[in-house]
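> Structure below; questions to follow.
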Amino acid sequence: MGVNRAYERVFGVHRESLLGKRVLDLEYLPPEDRQAYQAEDEAIIATIGQVQREMVMPFADGRLHETLYFVSGFAGADGAPAGLVGTFVDVAEQKAAERAIAEAAQEQRVIFEAVSLGVLLTVDRKIKRFNSAIEIMFGFGGDALLGQSTEVLFASPEAYARAGEEAYPKISKGELYEAQQQYQRLDGSLFWASVHGRALNTEHPEWGTVWVFEDITADREAAAELQRAKEAADAASQAKGDFLANMSHEIRTPMNAIIGMSHLALKTELTPRQHDYISKIQQSGQHLLGIINDILDFSKVEAGKLSMERIPFELDKVLQNVATVIVDKASAKGLELICDVAPEVPQSLIGDPLRLGQVLINYANNAIKFTEKGEISIAVRLKEGSDNEALLRFEVRDTGIGLTQEQMDRLFQSFQQADTSTTRKYGGTGLGLAISKSLAELMGGAVGVESEHGKGSTFWFTARLGLGEAQAQLHLSRHDIQSRRVLVVDDSERAAAVLAHLLGTIGFAVESAYSGREAIEKVRQAAARGQGFDILMLDWQMPEMDGIETAQRIRALGLTPAPHPIMVTAYGREEVIKSAQETGIDDVLIKPVNASVLFDTMLRVLGHASAKAIAPYPMHSASDLGLLAPLRGARVLVVEDNDLNQQIAQELLGDAGFVVDVADNGRIAVDKVVAALAAQVPYDLVFMDMQMPVMDGVSATEEIRQDARHAELPIVAMTANAMQVDKDRCLAAGMNDFVTKPIDPDALWQALARWIRPRAGLGLVPEGDAAGPPQALVAPLPPMPFGAESMAIPRDIPGLDTQLGLRRVMGKETLYIRLLRKFVAGNQNGLEPIAHALEAGDTATAERLAHTLKGVAGNIGASDLQAAMAQVERALHDQEPTAQVQALMDHPRHLLAQLLTALATALPPEAVATASAAVDPAQLAEASRKLAALLADDDSEAADVLREHAALLRAAWGPGFHAVEAAVDGFDFEAALQALNKAVAQAAMDT
């Protein structure tokens, strides 16, 4: 055999050594292989055949190599078998590459099938390959998808076309296409998938595009459920906000009457005791008004949305308001109430007096709740001071049950009380201290408690407050009374010490006694030394001998001059004051006594006058009314559907010198604003309620603002809806400002001063009023009946509380009679209008009519009818079944019929002018001209003129007068002018 040099190199042999040898002689091959190869070679030679195969051969490098072996026999010239030629090709590297490719392909196959995502290969939008996840996802089995258009995966041809239009422009640029699309399974069901697509090679689009699908149906359903939950939560939050807004509105509306009527009552002639009672009602109402939204909406605290004012205030007034609120509770339990303010504490401060008082009242109420005997002390100390602010520490100490350390650790957290057992003695929500903590922190301070179980507690907080303008110090040196001697008599050493300190600060020489007997002895001894006491400050309730008996025994000493007794008591009850006066004690101070009240009292006792003593109950802030002086005569439109609120607003504004017009709803307001501008007598300001029938205040404001001519008209919301969302709605609608109800006169004056623009004709003082107080330019409305007829109030009518009805109209009997007559005239059809609305399925109208009758019944004092109609209104609002509503109407139907019958019999007849009444033609012409001019200007002074000339006009116009009167009563001046012209024409014809 012979070999080439490559064979020598591969197998490590020399060809010379192989010449003449057979395969059997090749020692480098295994023996068994030699024999097999020898036999195979002989067969190939004999048959002149061929063999080709892959085989493993040992190479000279000592390794087995994969080779491609090819051998072929050949014949000699005579055609006989002559030998063979064989070749070996080393294919090891090729085989390794093939194995690598195969392994990679296998890996890809495993991944392709194992991945949970659907993978799809398409060429020209036809399916070339896909994995099993695609089969499962789309519901196609086997190779059913191969070769099909991807259109079969879409829910509609339009979806298929749209997907192509969106995807392929990106894919052709080599970009990744991403989308969420809806697809259709084989069974027709739909599902959502997230799909990603990319071209294998943008230069070879024929290679196709790979798509990856992920079924996101569950994710989208979860997201949808989450969205629904969010919407439900938002709806719940909105419902909560609406509920709080409605509750705020419902509570603040009667509060408007309480505070407003109190304010008006304080302007009337009152005894000092009545003035004190009503002042306390007003102060308590204002405090309740200030905190009511925070009580209704604790979420403000949780969200940190409580806002703090920074306004000037007097600390003494805050403490006095706190005392007014809590003194009756303390007195009812026999607790001493002490107010102890250090002399270095500044009185004029800048901050939020309402929030400050709120924390003190909360602390004090807790102290009273947990104290059965002893005293409650409110102390104020200066911790830090600078030129422009002070850090004050407020403490409320009690002698109650005290707290354990465990209980103290739980305080100042929401919904936590010291006693959480089911049998706990003391009630409460546990919110008060948490609110107090938030308020103190907003005032730049902190809170804390010091207590020992069984020995009382001290709750404290600090507040960083600005310093206001310094006020004159309370000192009497200028009155030359520093030598006056005062004896303080109180069984409470702390109360005596505090009062003695206050008196000493003012400038008195003070001594103390702690019982009636000790006081008598000290008075006797002082008189013997020629240093008798000028004034006795006597506590009323003391053991063994009370203050009244002590005063009687001291008077029995017959001293000349006798010391002047002043009763100091925590019990402001009428019997205490009466007993003191019967004993000759004319001056009574209610604990806790603050410095300013004590100062004025001492001035009065010693025969001196002070500004406070002369006018202790200022009606308005002088500065606020001073701001209004240049604006008197301005035209103000009050848009309000509630008669009581109309009256309060009209009287307040009228007394301050404004021309007032009224609209019962937003629709009328819009018409009046347009008409006033057209008549060239535009309003200077509009007060706009939010909740009204026909058209609410927000809609009315939006419609007014659509006319560019009204862009500068100030519109101020005046409503019981005091939630922030309501304020935002008002401002968004185009209103300029917001005044909450119950109406605070000072807030009203400030809004007027802020928004009314000075113009020619404003600020004029009515004739004869140059030196007097502001005089109303318009008489309070609704007007009293025209004429001077005397009317008797019907009494003893079942279901009608005439005293209550009179209180609702501020005691105006003639006005009350008119209301009763209107009630009778307006309700002759009973409840039939409501019943007809129900039958027609118009529950909204039925509810509105029920609401109206309920309100009217309440205004005249028909409380039973009011309560019965409230039930009907509630049933209509809750959309109760018609049969149930009709059953509820039976009771008020009977009450109304009974009341109408009784009133028709009891009401005095209306006065009718006699035809023979003298009519002066000149006076009639002048009165008619003046009245017509005022009506044409929509000037509510027309009511005054009509009332002034009622007898003359009634005699001249006859029945026509009543038409004019009714239109003026309803503030429909346009109709009144038409009725006037008709009456004048008829009167001319008659003559």
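Note on naming: chains are A, B, ... as they come in the structure tokens, residues start from 1 per chain, ligands start from 1 in the order shown.
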Give the helix (DSSP H, G or I) residues of stretch 440-668 of chain A, as assigned by DSSP on the backbone, as a count of residues only.
92
> Hey, what's within 7 Å of A:Leu176 if we count only C-alpha atoms and toss same-chain stuff fewer than 4 positions away? As a PyMOL selection string, please?
chain A and resi 170-171+196-198
> Considering only C-alpha atoms, return as a count of residues only whatever protein or nucleic-acid residues lie within 6 Å of stretch 660-670 of chain A, sequence-local ones (same chain, fewer than 3 positions apart) excluded.
12
> One decimal, Å: what's the distance from atom CA of A:Gln38 over to atom CA of A:Val71, could you say?
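Calculated distance between atom CA of A:Gln38 and atom CA of A:Val71 is 12.5 Å.
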> Interatomic distance between atom CA of A:Glu206 and atom CA of A:Tyr177?
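These two atoms are separated by 18.2 Å.
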> Here is a test: counting only C-alpha atoms, which residue of A:Gly20, A:Pro254, A:Pro592, A:Gly468 is nearest to A:Leu335?
A:Pro592
> Find the distance between atom CA of A:Arg129 and atom CA of A:Ala102 and write it in Å to one decimal.
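Pair atom CA of A:Arg129 / atom CA of A:Ala102 returns 18.4 Å.
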